[in-house]
$ cat data-v8.pdb   # PDB, C-alpha atoms and all ligand atoms
ATOM      1  CA  MET A  29      -8.284  11.004   9.254  1.00  0.00           C
ATOM      2  CA  THR A  30      -6.149  12.573   6.512  1.00  0.00           C
ATOM      3  CA  ASP A  31      -2.888  14.536   6.540  1.00  0.00           C
ATOM      4  CA  LYS A  32      -2.804  17.420   4.061  1.00  0.00           C
ATOM      5  CA  ASN A  33       0.969  17.063   3.630  1.00  0.00           C
ATOM      6  CA  CYS A  34       0.893  13.319   2.945  1.00  0.00           C
ATOM      7  CA  VAL A  35       1.494  12.135  -0.616  1.00  0.00           C
ATOM      8  CA  PHE A  36      -0.716   9.036  -0.223  1.00  0.00           C
ATOM      9  CA  CYS A  37      -3.585  11.094   1.269  1.00  0.00           C
ATOM     10  CA  LYS A  38      -3.249  13.378  -1.768  1.00  0.00           C
ATOM     11  CA  ILE A  39      -3.423  10.374  -4.120  1.00  0.00           C
ATOM     12  CA  ALA A  40      -6.474   9.054  -2.232  1.00  0.00           C
ATOM     13  CA  ALA A  41      -8.132  12.489  -2.559  1.00  0.00           C
ATOM     14  CA  GLY A  42      -7.341  12.626  -6.299  1.00  0.00           C
ATOM     15  CA  GLU A  43      -5.119  15.688  -5.772  1.00  0.00           C
ATOM     16  CA  ILE A  44      -2.104  14.065  -7.386  1.00  0.00           C
ATOM     17  CA  PRO A  45      -2.297  11.420 -10.109  1.00  0.00           C
ATOM     18  CA  ALA A  46      -1.542   7.736  -9.685  1.00  0.00           C
ATOM     19  CA  LYS A  47      -2.032   4.621 -11.773  1.00  0.00           C
ATOM     20  CA  LYS A  48      -4.871   3.167  -9.721  1.00  0.00           C
ATOM     21  CA  VAL A  49      -5.716  -0.501 -10.177  1.00  0.00           C
ATOM     22  CA  TYR A  50      -8.342  -0.812  -7.403  1.00  0.00           C
ATOM     23  CA  GLU A  51     -10.348   1.516  -5.187  1.00  0.00           C
ATOM     24  CA  ASP A  52     -13.198   1.156  -2.728  1.00  0.00           C
ATOM     25  CA  GLU A  53     -14.401   3.180   0.258  1.00  0.00           C
ATOM     26  CA  LYS A  54     -11.630   1.892   2.549  1.00  0.00           C
ATOM     27  CA  MET A  55      -8.562   1.345   0.397  1.00  0.00           C
ATOM     28  CA  LEU A  56      -6.709   2.193  -2.763  1.00  0.00           C
ATOM     29  CA  VAL A  57      -4.174   0.189  -4.783  1.00  0.00           C
ATOM     30  CA  PHE A  58      -1.899   1.898  -7.303  1.00  0.00           C
ATOM     31  CA  ARG A  59       1.375   1.285  -9.136  1.00  0.00           C
ATOM     32  CA  ASP A  60       4.596   2.292  -7.373  1.00  0.00           C
ATOM     33  CA  ILE A  61       6.241   5.195  -9.194  1.00  0.00           C
ATOM     34  CA  GLU A  62       9.682   3.522  -8.862  1.00  0.00           C
ATOM     35  CA  PRO A  63       8.921  -0.193  -9.272  1.00  0.00           C
ATOM     36  CA  LYS A  64      11.293  -2.663  -7.595  1.00  0.00           C
ATOM     37  CA  ALA A  65       9.803  -5.682  -9.428  1.00  0.00           C
ATOM     38  CA  ALA A  66       8.020  -6.369 -12.719  1.00  0.00           C
ATOM     39  CA  VAL A  67       4.779  -5.731 -10.827  1.00  0.00           C
ATOM     40  CA  HIS A  68       4.978  -3.346  -7.867  1.00  0.00           C
ATOM     41  CA  LEU A  69       1.701  -2.166  -6.362  1.00  0.00           C
ATOM     42  CA  LEU A  70       1.019  -0.240  -3.174  1.00  0.00           C
ATOM     43  CA  ALA A  71      -2.075  -0.956  -1.086  1.00  0.00           C
ATOM     44  CA  VAL A  72      -2.996   2.058   1.029  1.00  0.00           C
ATOM     45  CA  ALA A  73      -5.765   2.538   3.561  1.00  0.00           C
ATOM     46  CA  LYS A  74      -7.707   5.762   3.031  1.00  0.00           C
ATOM     47  CA  ASP A  75      -7.445   6.432   6.766  1.00  0.00           C
ATOM     48  CA  HIS A  76      -4.077   8.047   7.451  1.00  0.00           C
ATOM     49  CA  PHE A  77      -1.787   6.538  10.041  1.00  0.00           C
ATOM     50  CA  LYS A  78       1.963   6.458   9.881  1.00  0.00           C
ATOM     51  CA  LEU A  79       3.344   3.220  11.232  1.00  0.00           C
ATOM     52  CA  LEU A  80       2.534  -0.408  11.895  1.00  0.00           C
ATOM     53  CA  SER A  81       3.445   0.355  15.518  1.00  0.00           C
ATOM     54  CA  GLU A  82       0.447   2.726  15.679  1.00  0.00           C
ATOM     55  CA  MET A  83      -1.891  -0.222  15.162  1.00  0.00           C
ATOM     56  CA  ASP A  84      -5.000  -0.398  17.310  1.00  0.00           C
ATOM     57  CA  GLY A  85      -8.099  -2.568  17.052  1.00  0.00           C
ATOM     58  CA  GLU A  86      -9.839  -0.431  14.418  1.00  0.00           C
ATOM     59  CA  ARG A  87      -6.694  -0.099  12.304  1.00  0.00           C
ATOM     60  CA  ALA A  88      -6.044  -3.830  12.622  1.00  0.00           C
ATOM     61  CA  GLU A  89      -9.501  -4.418  11.120  1.00  0.00           C
ATOM     62  CA  LEU A  90      -8.556  -2.125   8.246  1.00  0.00           C
ATOM     63  CA  VAL A  91      -5.276  -3.956   7.605  1.00  0.00           C
ATOM     64  CA  LYS A  92      -7.142  -7.277   7.815  1.00  0.00           C
ATOM     65  CA  TYR A  93      -9.609  -5.925   5.240  1.00  0.00           C
ATOM     66  CA  MET A  94      -6.734  -4.994   2.914  1.00  0.00           C
ATOM     67  CA  LEU A  95      -5.044  -8.380   3.362  1.00  0.00           C
ATOM     68  CA  CYS A  96      -8.307 -10.115   2.433  1.00  0.00           C
ATOM     69  CA  LYS A  97      -8.629  -8.000  -0.758  1.00  0.00           C
ATOM     70  CA  ILE A  98      -4.998  -8.215  -1.885  1.00  0.00           C
ATOM     71  CA  PRO A  99      -4.924 -11.799  -3.300  1.00  0.00           C
ATOM     72  CA  GLU A 100      -7.589 -11.104  -5.920  1.00  0.00           C
ATOM     73  CA  ILE A 101      -6.123  -7.692  -6.817  1.00  0.00           C
ATOM     74  CA  ALA A 102      -2.601  -9.145  -7.124  1.00  0.00           C
ATOM     75  CA  GLU A 103      -3.773 -12.030  -9.300  1.00  0.00           C
ATOM     76  CA  GLN A 104      -5.705  -9.648 -11.567  1.00  0.00           C
ATOM     77  CA  ASN A 105      -2.594  -7.514 -12.029  1.00  0.00           C
ATOM     78  CA  GLY A 106       0.046  -9.962 -13.208  1.00  0.00           C
ATOM     79  CA  CYS A 107       0.882 -11.908 -10.043  1.00  0.00           C
ATOM     80  CA  LYS A 108      -0.797 -15.238 -10.767  1.00  0.00           C
ATOM     81  CA  ASN A 109       2.305 -17.231  -9.787  1.00  0.00           C
ATOM     82  CA  GLY A 110       2.787 -15.559  -6.425  1.00  0.00           C
ATOM     83  CA  TYR A 111       3.899 -12.289  -4.912  1.00  0.00           C
ATOM     84  CA  ARG A 112       5.542 -10.829  -1.837  1.00  0.00           C
ATOM     85  CA  LEU A 113       3.986  -8.402   0.643  1.00  0.00           C
ATOM     86  CA  VAL A 114       6.213  -5.915   2.456  1.00  0.00           C
ATOM     87  CA  ILE A 115       5.505  -3.314   5.131  1.00  0.00           C
ATOM     88  CA  ASN A 116       8.444  -1.057   5.918  1.00  0.00           C
ATOM     89  CA  GLN A 117       8.361   0.119   9.528  1.00  0.00           C
ATOM     90  CA  GLY A 118      10.529   3.126  10.275  1.00  0.00           C
ATOM     91  CA  GLU A 119      13.826   4.493   9.104  1.00  0.00           C
ATOM     92  CA  ASP A 120      15.995   1.359   9.405  1.00  0.00           C
ATOM     93  CA  ALA A 121      13.624  -0.348   6.961  1.00  0.00           C
ATOM     94  CA  GLY A 122      13.901   2.600   4.592  1.00  0.00           C
ATOM     95  CA  GLN A 123      10.332   3.797   5.071  1.00  0.00           C
ATOM     96  CA  THR A 124       9.995   7.019   3.098  1.00  0.00           C
ATOM     97  CA  VAL A 125       6.238   7.616   3.056  1.00  0.00           C
ATOM     98  CA  PHE A 126       4.769   7.750   6.555  1.00  0.00           C
ATOM     99  CA  HIS A 127       1.270   6.579   5.673  1.00  0.00           C
ATOM    100  CA  LEU A 128       0.913   2.851   6.268  1.00  0.00           C
ATOM    101  CA  HIS A 129       1.096   0.902   3.009  1.00  0.00           C
ATOM    102  CA  ILE A 130       1.602  -2.662   1.884  1.00  0.00           C
ATOM    103  CA  HIS A 131       3.968  -3.258  -1.029  1.00  0.00           C
ATOM    104  CA  ILE A 132       2.828  -6.015  -3.417  1.00  0.00           C
ATOM    105  CA  LEU A 133       5.794  -7.303  -5.445  1.00  0.00           C
ATOM    106  CA  GLY A 134       5.618  -9.933  -8.159  1.00  0.00           C
ATOM    107  CA  GLY A 135       5.326 -10.608 -11.864  1.00  0.00           C
ATOM    108  CA  GLU A 136       8.687 -12.396 -11.852  1.00  0.00           C
ATOM    109  CA  ILE A 137      10.722 -14.770  -9.679  1.00  0.00           C
ATOM    110  CA  LEU A 138      11.835 -12.581  -6.795  1.00  0.00           C
ATOM    111  CA  PRO A 139      15.342 -12.784  -5.298  1.00  0.00           C
ATOM    112  CA  TRP A 140      15.274 -12.872  -1.496  1.00  0.00           C
TER
HETATM  113  P1  LIG B   1       8.350   2.959   1.701  1.00  0.00           P
HETATM  114  O1  LIG B   1       9.823   3.011   1.439  1.00  0.00           O
HETATM  115  O2  LIG B   1       7.891   1.643   2.245  1.00  0.00           O
HETATM  116  O3  LIG B   1       7.878   4.146   2.508  1.00  0.00           O
HETATM  117  O4  LIG B   1       7.688   3.031   0.259  1.00  0.00           O
HETATM  118  C1  LIG B   1       7.195   4.197  -0.321  1.00  0.00           C
HETATM  119  C2  LIG B   1       6.995   3.882  -1.770  1.00  0.00           C
HETATM  120  O5  LIG B   1       6.148   4.874  -2.329  1.00  0.00           O
HETATM  121  C3  LIG B   1       8.278   3.858  -2.599  1.00  0.00           C
HETATM  122  O6  LIG B   1       8.430   2.572  -3.209  1.00  0.00           O
HETATM  123  C4  LIG B   1       8.050   4.961  -3.634  1.00  0.00           C
HETATM  124  O7  LIG B   1       8.577   4.635  -4.905  1.00  0.00           O
HETATM  125  C5  LIG B   1       6.541   5.086  -3.660  1.00  0.00           C
HETATM  126  N1  LIG B   1       6.019   6.381  -4.045  1.00  0.00           N
HETATM  127  C6  LIG B   1       6.364   7.593  -3.552  1.00  0.00           C
HETATM  128  N2  LIG B   1       5.639   8.560  -4.137  1.00  0.00           N
HETATM  129  C7  LIG B   1       4.791   7.951  -5.007  1.00  0.00           C
HETATM  130  C8  LIG B   1       3.793   8.401  -5.902  1.00  0.00           C
HETATM  131  N3  LIG B   1       3.494   9.708  -6.037  1.00  0.00           N
HETATM  132  N4  LIG B   1       3.133   7.486  -6.657  1.00  0.00           N
HETATM  133  C9  LIG B   1       3.419   6.172  -6.537  1.00  0.00           C
HETATM  134  N5  LIG B   1       4.350   5.676  -5.697  1.00  0.00           N
HETATM  135  C10 LIG B   1       5.028   6.549  -4.948  1.00  0.00           C
HETATM  136 ZN    ZN B   2      -1.678   9.933   4.500  1.00  0.00          ZN
END
$ encode --input "data-v8.pdb" --output "structure tokens" --more "lines below"
Ligand code: AMP
Ligand code: ZN
Amino acid sequence: MTDKNCVFCKIAAGEIPAKKVYEDEKMLVFRDIEPKAAVHLLAVAKDHFKLLSEMDGERAELVKYMLCKIPEIAEQNGCKNGYRLVINQGEDAGQTVFHLHIHILGGEILPW
């Protein structure tokens, strides 16, 4: 499923540019346009769904797939000493793009 108004669906379709660091048939990883750490990547499933709370069995498999891929991608992109994963759920968390994504933050010692 894709949403024609969704910025991450547009990136996945190649309709708007992004600094991609990894892509396969299920997921895409690219650099955040407004990085909050020395390394700030976004891991996005190609299947569009908005929120962690919309998780079902199939989507859980997709998120599991991404979580299994992320360590190698993070280490290859400047996060050898560790990194933090963040999923913002909803407005109180400041979610601005409603297409589920995992932030990968690292490349420096991160304040909590
Ligand atoms: P969230 O607040 O969890 O919804 O995070 C959305 C993230 O997407 C923010 O960190 C934005 O800087 C980032 N972002 C928005 N548009 C783009 C874009 N076109 N390319 C790369 N990152 C983007
Ligand atoms: Zn989308």
$ resolve_selection --input "data-v8.pdb" --expression "the PyMOL selection byres (((not hetatm)) within 6 of (chain B and resi 1))" --output "tab-separated table (two decimals) with C-alpha atoms, in the coordinates of the input"
chain	number	residue	atom	x	y	z
A	46	ALA	CA	-1.54	7.74	-9.68
A	59	ARG	CA	1.38	1.28	-9.14
A	60	ASP	CA	4.60	2.29	-7.37
A	61	ILE	CA	6.24	5.20	-9.19
A	62	GLU	CA	9.68	3.52	-8.86
A	116	ASN	CA	8.44	-1.06	5.92
A	122	GLY	CA	13.90	2.60	4.59
A	123	GLN	CA	10.33	3.80	5.07
A	124	THR	CA	9.99	7.02	3.10
A	125	VAL	CA	6.24	7.62	3.06
$ atom_distance --input "data-v8.pdb" --atom1 "CA of Cys96 in chain A" --atom2 "CA of Pro45 in chain A"
25.6 Å
$ resolve_selection --input "data-v8.pdb" --expression "the PyMOL selection byres (((chain A and resi 106) around 12) and not hetatm)" --output "list in words"
Val49, Ala65, Ala66, Val67, His68, Leu69, Pro99, Glu100, Ile101, Ala102, Glu103, Gln104, Asn105, Cys107, Lys108, Asn109, Gly110, Tyr111, Ile132, Leu133, Gly134, Gly135 and Glu136 of chain A
$ write_last_selection --input "data-v8.pdb" --atoms "C-alpha atoms" --output "CSV table (one decimal), keeping the file's coordinate frame"
chain,number,residue,atom,x,y,z
A,49,VAL,CA,-5.7,-0.5,-10.2
A,65,ALA,CA,9.8,-5.7,-9.4
A,66,ALA,CA,8.0,-6.4,-12.7
A,67,VAL,CA,4.8,-5.7,-10.8
A,68,HIS,CA,5.0,-3.3,-7.9
A,69,LEU,CA,1.7,-2.2,-6.4
A,99,PRO,CA,-4.9,-11.8,-3.3
A,100,GLU,CA,-7.6,-11.1,-5.9
A,101,ILE,CA,-6.1,-7.7,-6.8
A,102,ALA,CA,-2.6,-9.1,-7.1
A,103,GLU,CA,-3.8,-12.0,-9.3
A,104,GLN,CA,-5.7,-9.6,-11.6
A,105,ASN,CA,-2.6,-7.5,-12.0
A,107,CYS,CA,0.9,-11.9,-10.0
A,108,LYS,CA,-0.8,-15.2,-10.8
A,109,ASN,CA,2.3,-17.2,-9.8
A,110,GLY,CA,2.8,-15.6,-6.4
A,111,TYR,CA,3.9,-12.3,-4.9
A,132,ILE,CA,2.8,-6.0,-3.4
A,133,LEU,CA,5.8,-7.3,-5.4
A,134,GLY,CA,5.6,-9.9,-8.2
A,135,GLY,CA,5.3,-10.6,-11.9
A,136,GLU,CA,8.7,-12.4,-11.9
$ closest_residue --input "data-v8.pdb" --among "A:Lys54, A:Lys64, A:Lys74, A:Lys48" --to "Met29 in chain A" --atoms "only C-alpha atoms"
A:Lys74
$ residues_near_point --input "data-v8.pdb" --point "(7.6, 3.1, 6.8)" --cutoff "10 Å" --atoms "all atoms listed in the file" --output "list in words"
Lys78, Leu79, Leu80, Ile115, Asn116, Gln117, Gly118, Glu119, Asp120, Ala121, Gly122, Gln123, Thr124, Val125, Phe126, His127, Leu128, His129 and Ile130 of chain A
$ write_last_selection --input "data-v8.pdb" --atoms "C-alpha atoms" --output "tab-separated table (two decimals), keeping the file's coordinate frame"
chain	number	residue	atom	x	y	z
A	78	LYS	CA	1.96	6.46	9.88
A	79	LEU	CA	3.34	3.22	11.23
A	80	LEU	CA	2.53	-0.41	11.90
A	115	ILE	CA	5.50	-3.31	5.13
A	116	ASN	CA	8.44	-1.06	5.92
A	117	GLN	CA	8.36	0.12	9.53
A	118	GLY	CA	10.53	3.13	10.28
A	119	GLU	CA	13.83	4.49	9.10
A	120	ASP	CA	16.00	1.36	9.40
A	121	ALA	CA	13.62	-0.35	6.96
A	122	GLY	CA	13.90	2.60	4.59
A	123	GLN	CA	10.33	3.80	5.07
A	124	THR	CA	9.99	7.02	3.10
A	125	VAL	CA	6.24	7.62	3.06
A	126	PHE	CA	4.77	7.75	6.56
A	127	HIS	CA	1.27	6.58	5.67
A	128	LEU	CA	0.91	2.85	6.27
A	129	HIS	CA	1.10	0.90	3.01
A	130	ILE	CA	1.60	-2.66	1.88
$ resolve_selection --input "data-v8.pdb" --expression "the PyMOL selection byres (((not hetatm)) within 7 of (chain B and resi 2))" --output "PyMOL selection string"
chain A and resi 30-31+34-37+76-77+127
$ atom_distance --input "data-v8.pdb" --atom1 "CA of Asn33 in chain A" --atom2 "CA of Val91 in chain A"
22.3 Å
$ atom_distance --input "data-v8.pdb" --atom1 "CA of Ser81 in chain A" --atom2 "CA of Lys47 in chain A"
28.2 Å
$ decode --input "data-v8.pdb" --residues "range 31-71 of chain A" --atoms "N, CA and C atoms" --output "JSON list (two decimals), in the first residue's frame"
[["chain", "number", "residue", "atom", "x", "y", "z"],
["A", 31, "ASP", "N", 0.61, 5.82, -0.19],
["A", 31, "ASP", "CA", -0.25, 6.99, -0.05],
["A", 31, "ASP", "C", 0.36, 8.08, -0.93],
["A", 32, "LYS", "N", -0.38, 8.54, -1.92],
["A", 32, "LYS", "CA", 0.20, 9.47, -2.90],
["A", 32, "LYS", "C", 0.56, 10.83, -2.30],
["A", 33, "ASN", "N", 0.03, 11.12, -1.10],
["A", 33, "ASN", "CA", 0.37, 12.39, -0.45],
["A", 33, "ASN", "C", 1.47, 12.27, 0.59],
["A", 34, "CYS", "N", 2.05, 11.08, 0.71],
["A", 34, "CYS", "CA", 3.00, 10.82, 1.80],
["A", 34, "CYS", "C", 4.43, 11.05, 1.31],
["A", 35, "VAL", "N", 5.18, 11.86, 2.05],
["A", 35, "VAL", "CA", 6.54, 12.20, 1.64],
["A", 35, "VAL", "C", 7.45, 10.96, 1.60],
["A", 36, "PHE", "N", 7.27, 10.02, 2.53],
["A", 36, "PHE", "CA", 8.15, 8.84, 2.52],
["A", 36, "PHE", "C", 7.76, 7.87, 1.40],
["A", 37, "CYS", "N", 6.47, 7.78, 1.06],
["A", 37, "CYS", "CA", 6.08, 6.99, -0.12],
["A", 37, "CYS", "C", 6.68, 7.61, -1.38],
["A", 38, "LYS", "N", 6.72, 8.94, -1.43],
["A", 38, "LYS", "CA", 7.30, 9.61, -2.61],
["A", 38, "LYS", "C", 8.80, 9.34, -2.70],
["A", 39, "ILE", "N", 9.48, 9.34, -1.55],
["A", 39, "ILE", "CA", 10.92, 9.01, -1.55],
["A", 39, "ILE", "C", 11.10, 7.57, -2.01],
["A", 40, "ALA", "N", 10.28, 6.66, -1.48],
["A", 40, "ALA", "CA", 10.40, 5.24, -1.85],
["A", 40, "ALA", "C", 10.15, 5.03, -3.34],
["A", 41, "ALA", "N", 9.26, 5.85, -3.92],
["A", 41, "ALA", "CA", 8.95, 5.74, -5.36],
["A", 41, "ALA", "C", 9.95, 6.50, -6.23],
["A", 42, "GLY", "N", 10.90, 7.20, -5.60],
["A", 42, "GLY", "CA", 11.89, 7.97, -6.36],
["A", 42, "GLY", "C", 11.32, 9.28, -6.90],
["A", 43, "GLU", "N", 10.17, 9.71, -6.36],
["A", 43, "GLU", "CA", 9.54, 10.94, -6.86],
["A", 43, "GLU", "C", 10.13, 12.19, -6.24],
["A", 44, "ILE", "N", 10.69, 12.05, -5.03],
["A", 44, "ILE", "CA", 11.46, 13.16, -4.47],
["A", 44, "ILE", "C", 12.79, 12.59, -4.00],
["A", 45, "PRO", "N", 13.85, 13.41, -4.08],
["A", 45, "PRO", "CA", 15.19, 12.87, -3.81],
["A", 45, "PRO", "C", 15.44, 12.66, -2.32],
["A", 46, "ALA", "N", 16.33, 11.73, -2.04],
["A", 46, "ALA", "CA", 16.79, 11.51, -0.66],
["A", 46, "ALA", "C", 18.19, 10.91, -0.75],
["A", 47, "LYS", "N", 18.94, 11.09, 0.32],
["A", 47, "LYS", "CA", 20.29, 10.50, 0.37],
["A", 47, "LYS", "C", 20.15, 9.08, 0.90],
["A", 48, "LYS", "N", 19.91, 8.16, -0.02],
["A", 48, "LYS", "CA", 19.68, 6.76, 0.36],
["A", 48, "LYS", "C", 21.00, 6.09, 0.73],
["A", 49, "VAL", "N", 20.97, 5.32, 1.81],
["A", 49, "VAL", "CA", 22.17, 4.53, 2.16],
["A", 49, "VAL", "C", 21.91, 3.03, 2.01],
["A", 50, "TYR", "N", 20.64, 2.63, 1.93],
["A", 50, "TYR", "CA", 20.31, 1.20, 1.77],
["A", 50, "TYR", "C", 18.91, 1.10, 1.17],
["A", 51, "GLU", "N", 18.74, 0.12, 0.30],
["A", 51, "GLU", "CA", 17.40, -0.15, -0.24],
["A", 51, "GLU", "C", 17.29, -1.62, -0.62],
["A", 52, "ASP", "N", 16.18, -2.23, -0.31],
["A", 52, "ASP", "CA", 15.85, -3.54, -0.86],
["A", 52, "ASP", "C", 14.36, -3.56, -1.17],
["A", 53, "GLU", "N", 13.79, -4.71, -1.42],
["A", 53, "GLU", "CA", 12.39, -4.74, -1.87],
["A", 53, "GLU", "C", 11.40, -4.36, -0.77],
["A", 54, "LYS", "N", 11.85, -4.43, 0.50],
["A", 54, "LYS", "CA", 10.92, -4.17, 1.60],
["A", 54, "LYS", "C", 11.15, -2.85, 2.30],
["A", 55, "MET", "N", 12.37, -2.34, 2.27],
["A", 55, "MET", "CA", 12.68, -1.17, 3.09],
["A", 55, "MET", "C", 13.69, -0.25, 2.43],
["A", 56, "LEU", "N", 13.76, 0.95, 2.99],
["A", 56, "LEU", "CA", 14.64, 1.98, 2.49],
["A", 56, "LEU", "C", 15.24, 2.67, 3.71],
["A", 57, "VAL", "N", 16.52, 3.03, 3.62],
["A", 57, "VAL", "CA", 17.16, 3.82, 4.68],
["A", 57, "VAL", "C", 17.81, 5.02, 4.02],
["A", 58, "PHE", "N", 17.51, 6.20, 4.57],
["A", 58, "PHE", "CA", 18.07, 7.44, 3.99],
["A", 58, "PHE", "C", 18.39, 8.42, 5.12],
["A", 59, "ARG", "N", 19.16, 9.45, 4.77],
["A", 59, "ARG", "CA", 19.59, 10.44, 5.78],
["A", 59, "ARG", "C", 18.46, 11.41, 6.06],
["A", 60, "ASP", "N", 18.25, 11.69, 7.37],
["A", 60, "ASP", "CA", 17.24, 12.68, 7.77],
["A", 60, "ASP", "C", 17.67, 14.05, 7.25],
["A", 61, "ILE", "N", 16.70, 14.79, 6.73],
["A", 61, "ILE", "CA", 16.98, 16.10, 6.13],
["A", 61, "ILE", "C", 17.35, 17.13, 7.20],
["A", 62, "GLU", "N", 16.92, 16.91, 8.44],
["A", 62, "GLU", "CA", 17.27, 17.82, 9.56],
["A", 62, "GLU", "C", 17.87, 16.98, 10.68],
["A", 63, "PRO", "N", 19.15, 16.58, 10.52],
["A", 63, "PRO", "CA", 19.73, 15.61, 11.46],
["A", 63, "PRO", "C", 19.79, 16.13, 12.91],
["A", 64, "LYS", "N", 19.43, 15.24, 13.84],
["A", 64, "LYS", "CA", 19.46, 15.56, 15.26],
["A", 64, "LYS", "C", 20.67, 14.93, 15.95],
["A", 65, "ALA", "N", 21.56, 14.32, 15.18],
["A", 65, "ALA", "CA", 22.79, 13.73, 15.70],
["A", 65, "ALA", "C", 23.79, 13.69, 14.55],
["A", 66, "ALA", "N", 25.05, 13.40, 14.86],
["A", 66, "ALA", "CA", 26.08, 13.38, 13.82],
["A", 66, "ALA", "C", 25.68, 12.44, 12.68],
["A", 67, "VAL", "N", 25.10, 11.30, 13.06],
["A", 67, "VAL", "CA", 24.50, 10.40, 12.06],
["A", 67, "VAL", "C", 23.02, 10.29, 12.41],
["A", 68, "HIS", "N", 22.16, 10.58, 11.45],
["A", 68, "HIS", "CA", 20.71, 10.47, 11.67],
["A", 68, "HIS", "C", 20.10, 9.88, 10.41],
["A", 69, "LEU", "N", 19.76, 8.60, 10.50],
["A", 69, "LEU", "CA", 19.16, 7.88, 9.38],
["A", 69, "LEU", "C", 17.70, 7.57, 9.70],
["A", 70, "LEU", "N", 16.91, 7.38, 8.67],
["A", 70, "LEU", "CA", 15.52, 6.95, 8.84],
["A", 70, "LEU", "C", 15.33, 5.65, 8.09],
["A", 71, "ALA", "N", 14.85, 4.63, 8.79],
["A", 71, "ALA", "CA", 14.51, 3.35, 8.17],
["A", 71, "ALA", "C", 13.00, 3.33, 7.97]]
